[in-house]
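Below is one structure; the comments refer to it alone.
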Amino acid sequence: MDEHLADILARIRPLEPIELQLLDAQGCVLVEDVTVPAALPPFDNSSMDGYAVRVADVAGASEEFPAVLTVVGDIAAGSGDLPEIGPGEAARIMTGAPLPPGAETVVPVEWTDGGTGGGPADTMTAHSAAPDAAGGEVRVHRPAAARAHVRARGSDVAAGDLALSAGTVLGPAQIGLLAAIGRAAVKVRPCPRVVVMSTGSELIQPGEQLAPGQIHDSNSFMLTACARDAGAIAYRVGAVADDAETLRSTLEDQLIRADAIVTSGGVSVGAYDVVKETLAGLGGDEGSVDFRKLAMQPGKPQGFGFIGDGQGGPARTPLLALPGNPVSSYVSFELFVRPAIRALMGLEPIDRTTVRAVCVDGVDASPKGRRQFLRGRYNAEAGAVTTVGGSSSHLVKGLADADALIVVPEDATSVEPGAEVDVVLLD
């Protein structure tokens, strides 16, 4: 197992960086340090709807003895022409609006009468409904300290600060920061495009009626979802019949949009194992795919290599061939394909957390010489894990109920109830 993964990671190279617009860069890995070109926020602004005033003018103000100030205008967010606030004056100011010259603090509207001449206000009168509210007088019922309710220029980040470092995965918050500092595009490693296909003449599209001997194709849907969860742009191809020429032509058709290809099924020793039949004999510009038997359960048969388009171009598209049993396929994806996708993105290959936990019910039998992966439910509070379903690699219900993989090492043939084991968390 470890040798197979090491071979994959040694041979896969990160995708070449490209410049993308912000929304196209979501989920991608930044390859440049991004510094802040100008302070954020770029000017002192109000954090409240209220009145911009001088501190001395509201000192000692109370409901019994309010400070009465002359309102000299409105300052909305985006205002550029700002009134100067002199002694005994105030301006209505909205959240995010720039602090005008002469003002030293902001009094929330709830600390005033809102210019109505009555008691404490709950809100401001809308400008469109009462344009004259930008004038008249306002009674302030509480004092405000200097710079109260004021967001200082550069209080988020200063000009020249590091906004995001190379290696950052761009999620919604990072996209928001880039937009806030004025970046419209960034240089990233793109999310890899992963083509997923199942093989097997018995496979039928979900929603279609099954004939005798047929089953619904679950692997391609599961593995496509896995690839998206790992950060890839994943494309699902309909199940390919057990025919070498059909598989070869399908692969050639998909290469144009693939940074990697993942297949399931057809990698064992049967007479109809079409993936192995088709790819094991490749050579030259068509590529080279090695098929191996790994010391693990489930997931013993695995294939990995690079394929080309058969038209003289280099064999540079990695292909990972996984076994066809659903649990085998899923476990193989977690152990080999997920790290490969992260390597293409330029990330550390391992992102799943492994913890030690008490195996509550133990494991009756595990094959000696193979690392076994059993489905489990992990209880973080108790530091314990319980097995889910059996060990057979076709049990998809147990897989759906699991949130962890219980690891039984190669040299163990059982696990006593209450013994500690390694647990790979899947959430």
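Residue numbering restarts at 1 for every chain of the structure tokens, chains are lettered A, B, ... in their displayed order, and ligands are numbered from 1 as they appear.
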Per-residue nearest contacts of range 335-367 of chain A to range 14-28 of chain A (10 Å; only C-alpha atoms) as a Markdown table:
| residue | atom | partner | partner_atom | distance |
| --- | --- | --- | --- | --- |
| A:Ala340 | CA | A:Pro14 | CA | 9.5 |
| A:Ile341 | CA | A:Pro14 | CA | 9.1 |
| A:Arg342 | CA | A:Pro14 | CA | 8.5 |
| A:Ala343 | CA | A:Pro14 | CA | 5.8 |
| A:Leu344 | CA | A:Pro14 | CA | 4.0 |
| A:Met345 | CA | A:Pro14 | CA | 5.6 |
| A:Gly346 | CA | A:Pro14 | CA | 5.0 |
| A:Leu347 | CA | A:Pro14 | CA | 8.5 |
Hey, can you spit out that residue selection with C-alpha atoms as an mmCIF file, in the first residue's frame?
data_model
loop_
_atom_site.group_PDB
_atom_site.id
_atom_site.type_symbol
_atom_site.label_atom_id
_atom_site.label_comp_id
_atom_site.auth_asym_id
_atom_site.auth_seq_id
_atom_site.Cartn_x
_atom_site.Cartn_y
_atom_site.Cartn_z
ATOM 1 C CA ALA A 340 -3.422 12.298 -6.176
ATOM 2 C CA ILE A 341 -5.998 15.064 -6.675
ATOM 3 C CA ARG A 342 -4.401 17.117 -3.921
ATOM 4 C CA ALA A 343 -0.973 16.563 -5.504
ATOM 5 C CA LEU A 344 -2.328 17.920 -8.805
ATOM 6 C CA MET A 345 -3.543 20.980 -6.877
ATOM 7 C CA GLY A 346 -0.122 21.479 -5.300
ATOM 8 C CA LEU A 347 -1.369 20.640 -1.783
#
Neighbouring residues of Val157 in chain A were defined as those with any atom within 10 Å, considering only C-alpha atoms; residues of the same chain fewer than 6 positions away were excluded. Please report them as a list in words.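 Contacts, with the query itself left out: Thr35, Val36, Pro37, Ala38, Ala39, Leu40, Pro41, Pro42, Ala163 and Ile181 of chain A.
You will find CA of Val195 in chain A at 15.3 Å from CA of Ser218 in chain A.
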Write out as a PyMOL selection string which residues come within 9 Å of range 116-125 of chain A when counting only C-alpha atoms, dropping same-chain ones fewer than 2 positions away. chain A and resi 49-50+63+92+109-114+127-131+133+137-141
So that I have them on file, write out the residues from the current selection with all heavy atoms, as a compact mmCIF listing (two decimals), in the first residue's frame.
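The result, stored in out-v1.txt:
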# COMPACT_ATOMS: atom_id res chain seq x y z
N ASP A 49 -25.77 53.46 12.25
CA ASP A 49 -26.62 54.55 11.77
C ASP A 49 -26.81 55.52 12.94
O ASP A 49 -27.23 55.10 14.02
CB ASP A 49 -27.98 54.02 11.32
CG ASP A 49 -27.88 53.11 10.11
OD1 ASP A 49 -27.03 53.37 9.25
OD2 ASP A 49 -28.66 52.14 10.03
N GLY A 50 -26.49 56.80 12.73
CA GLY A 50 -26.60 57.75 13.83
C GLY A 50 -26.22 59.15 13.40
O GLY A 50 -26.54 59.58 12.28
N GLU A 63 -31.20 62.09 29.04
CA GLU A 63 -32.58 62.25 28.59
C GLU A 63 -33.22 63.47 29.23
O GLU A 63 -34.05 64.15 28.62
CB GLU A 63 -33.38 60.98 28.91
CG GLU A 63 -33.03 59.80 28.02
CD GLU A 63 -34.05 58.68 28.10
OE1 GLU A 63 -35.25 59.00 28.26
OE2 GLU A 63 -33.65 57.52 28.03
N ARG A 92 -26.45 63.56 10.04
CA ARG A 92 -26.91 62.16 10.01
C ARG A 92 -25.90 61.34 9.21
O ARG A 92 -25.49 61.73 8.12
CB ARG A 92 -28.29 62.07 9.35
CG ARG A 92 -29.41 62.68 10.16
CD ARG A 92 -30.78 62.08 9.81
NE ARG A 92 -31.07 62.02 8.39
CZ ARG A 92 -32.19 61.48 7.89
NH1 ARG A 92 -33.10 60.97 8.71
NH2 ARG A 92 -32.40 61.47 6.58
N VAL A 109 -28.37 56.32 16.53
CA VAL A 109 -29.67 56.97 16.46
C VAL A 109 -30.53 56.64 17.68
O VAL A 109 -31.34 57.45 18.13
CB VAL A 109 -30.40 56.61 15.15
CG1 VAL A 109 -30.78 55.13 15.10
CG2 VAL A 109 -31.63 57.49 14.94
N GLU A 110 -30.31 55.45 18.25
CA GLU A 110 -31.10 55.04 19.42
C GLU A 110 -30.78 55.89 20.65
O GLU A 110 -31.53 55.86 21.63
CB GLU A 110 -30.86 53.56 19.74
CG GLU A 110 -31.36 52.59 18.69
CD GLU A 110 -30.37 52.34 17.57
OE1 GLU A 110 -29.31 53.02 17.52
OE2 GLU A 110 -30.63 51.46 16.73
N TRP A 111 -29.67 56.64 20.63
CA TRP A 111 -29.32 57.52 21.75
C TRP A 111 -29.87 58.93 21.54
O TRP A 111 -29.55 59.85 22.27
CB TRP A 111 -27.80 57.62 21.90
CG TRP A 111 -27.14 56.32 22.28
CD1 TRP A 111 -27.69 55.09 22.40
CD2 TRP A 111 -25.74 56.14 22.56
NE1 TRP A 111 -26.76 54.15 22.74
CE2 TRP A 111 -25.54 54.77 22.86
CE3 TRP A 111 -24.65 57.01 22.60
CZ2 TRP A 111 -24.29 54.26 23.19
CZ3 TRP A 111 -23.39 56.49 22.93
CH2 TRP A 111 -23.22 55.13 23.22
N THR A 112 -30.69 59.09 20.50
CA THR A 112 -31.21 60.42 20.16
C THR A 112 -32.73 60.35 19.97
O THR A 112 -33.33 59.27 20.03
CB THR A 112 -30.59 60.93 18.84
OG1 THR A 112 -31.19 60.23 17.73
CG2 THR A 112 -29.08 60.69 18.82
N ASP A 113 -33.31 61.52 19.68
CA ASP A 113 -34.73 61.54 19.32
C ASP A 113 -34.95 61.40 17.83
O ASP A 113 -36.09 61.49 17.36
CB ASP A 113 -35.39 62.82 19.85
CG ASP A 113 -34.88 64.07 19.13
OD1 ASP A 113 -33.90 63.97 18.36
OD2 ASP A 113 -35.46 65.15 19.35
N GLY A 114 -33.87 61.19 17.07
CA GLY A 114 -33.98 61.03 15.63
C GLY A 114 -34.46 62.27 14.91
O GLY A 114 -34.90 62.20 13.76
N HIS A 127 -34.84 59.03 4.08
CA HIS A 127 -34.56 60.28 3.37
C HIS A 127 -35.59 60.52 2.28
O HIS A 127 -36.04 61.65 2.07
CB HIS A 127 -33.16 60.23 2.77
CG HIS A 127 -32.83 61.44 1.95
ND1 HIS A 127 -32.53 62.66 2.51
CD2 HIS A 127 -32.76 61.60 0.60
CE1 HIS A 127 -32.29 63.53 1.54
NE2 HIS A 127 -32.42 62.92 0.38
N SER A 128 -36.00 59.45 1.59
CA SER A 128 -36.95 59.63 0.49
C SER A 128 -38.32 60.08 1.00
O SER A 128 -39.04 60.79 0.30
CB SER A 128 -37.10 58.33 -0.29
OG SER A 128 -37.55 57.28 0.56
N ALA A 129 -38.66 59.66 2.23
CA ALA A 129 -39.96 60.03 2.79
C ALA A 129 -39.95 61.42 3.41
O ALA A 129 -40.98 62.10 3.47
CB ALA A 129 -40.39 59.00 3.84
N ALA A 130 -38.78 61.85 3.92
CA ALA A 130 -38.69 63.15 4.60
C ALA A 130 -37.33 63.77 4.33
O ALA A 130 -36.43 63.70 5.18
CB ALA A 130 -38.92 62.99 6.10
N PRO A 131 -37.14 64.35 3.15
CA PRO A 131 -35.83 64.95 2.82
C PRO A 131 -35.40 66.02 3.81
O PRO A 131 -34.20 66.24 4.01
CB PRO A 131 -36.06 65.53 1.43
CG PRO A 131 -37.22 64.77 0.87
CD PRO A 131 -38.09 64.46 2.04
N ALA A 133 -35.45 65.89 6.89
CA ALA A 133 -34.88 65.33 8.12
C ALA A 133 -33.38 65.52 8.17
O ALA A 133 -32.75 65.35 9.22
CB ALA A 133 -35.21 63.84 8.23
N GLU A 137 -33.08 70.05 14.05
CA GLU A 137 -32.31 69.79 15.27
C GLU A 137 -32.46 68.32 15.68
O GLU A 137 -33.43 67.65 15.34
CB GLU A 137 -32.80 70.68 16.41
CG GLU A 137 -32.52 72.15 16.23
CD GLU A 137 -32.98 72.99 17.41
OE1 GLU A 137 -33.88 72.53 18.16
OE2 GLU A 137 -32.43 74.09 17.58
N VAL A 138 -31.47 67.86 16.43
CA VAL A 138 -31.52 66.53 17.03
C VAL A 138 -31.15 66.64 18.49
O VAL A 138 -30.27 67.43 18.86
CB VAL A 138 -30.57 65.54 16.31
CG1 VAL A 138 -29.11 65.96 16.43
CG2 VAL A 138 -30.75 64.11 16.83
N ARG A 139 -31.85 65.90 19.33
CA ARG A 139 -31.55 65.86 20.76
C ARG A 139 -30.80 64.58 21.07
O ARG A 139 -31.29 63.48 20.76
CB ARG A 139 -32.85 65.96 21.57
CG ARG A 139 -33.47 67.35 21.55
CD ARG A 139 -34.88 67.39 22.09
NE ARG A 139 -35.34 68.77 22.22
CZ ARG A 139 -35.73 69.54 21.23
NH1 ARG A 139 -35.72 69.06 19.99
NH2 ARG A 139 -36.13 70.79 21.45
N VAL A 140 -29.65 64.72 21.66
CA VAL A 140 -28.78 63.58 21.99
C VAL A 140 -28.90 63.31 23.48
O VAL A 140 -28.70 64.21 24.31
CB VAL A 140 -27.32 63.87 21.61
CG1 VAL A 140 -26.43 62.69 21.97
CG2 VAL A 140 -27.21 64.19 20.11
N HIS A 141 -29.25 62.05 23.84
CA HIS A 141 -29.55 61.71 25.22
C HIS A 141 -28.39 61.07 25.97
O HIS A 141 -28.50 60.83 27.18
CB HIS A 141 -30.74 60.74 25.28
CG HIS A 141 -31.97 61.30 24.62
ND1 HIS A 141 -32.83 60.52 23.87
CD2 HIS A 141 -32.48 62.56 24.60
CE1 HIS A 141 -33.83 61.27 23.43
NE2 HIS A 141 -33.63 62.51 23.85
Please return as a PyMOL selection string: the residues of range 153-363 of chain A that backbone DSSP assigns to alpha helix (DSSP H). chain A and resi 172-180+219-229+244-254+274-279+326-332+338-345
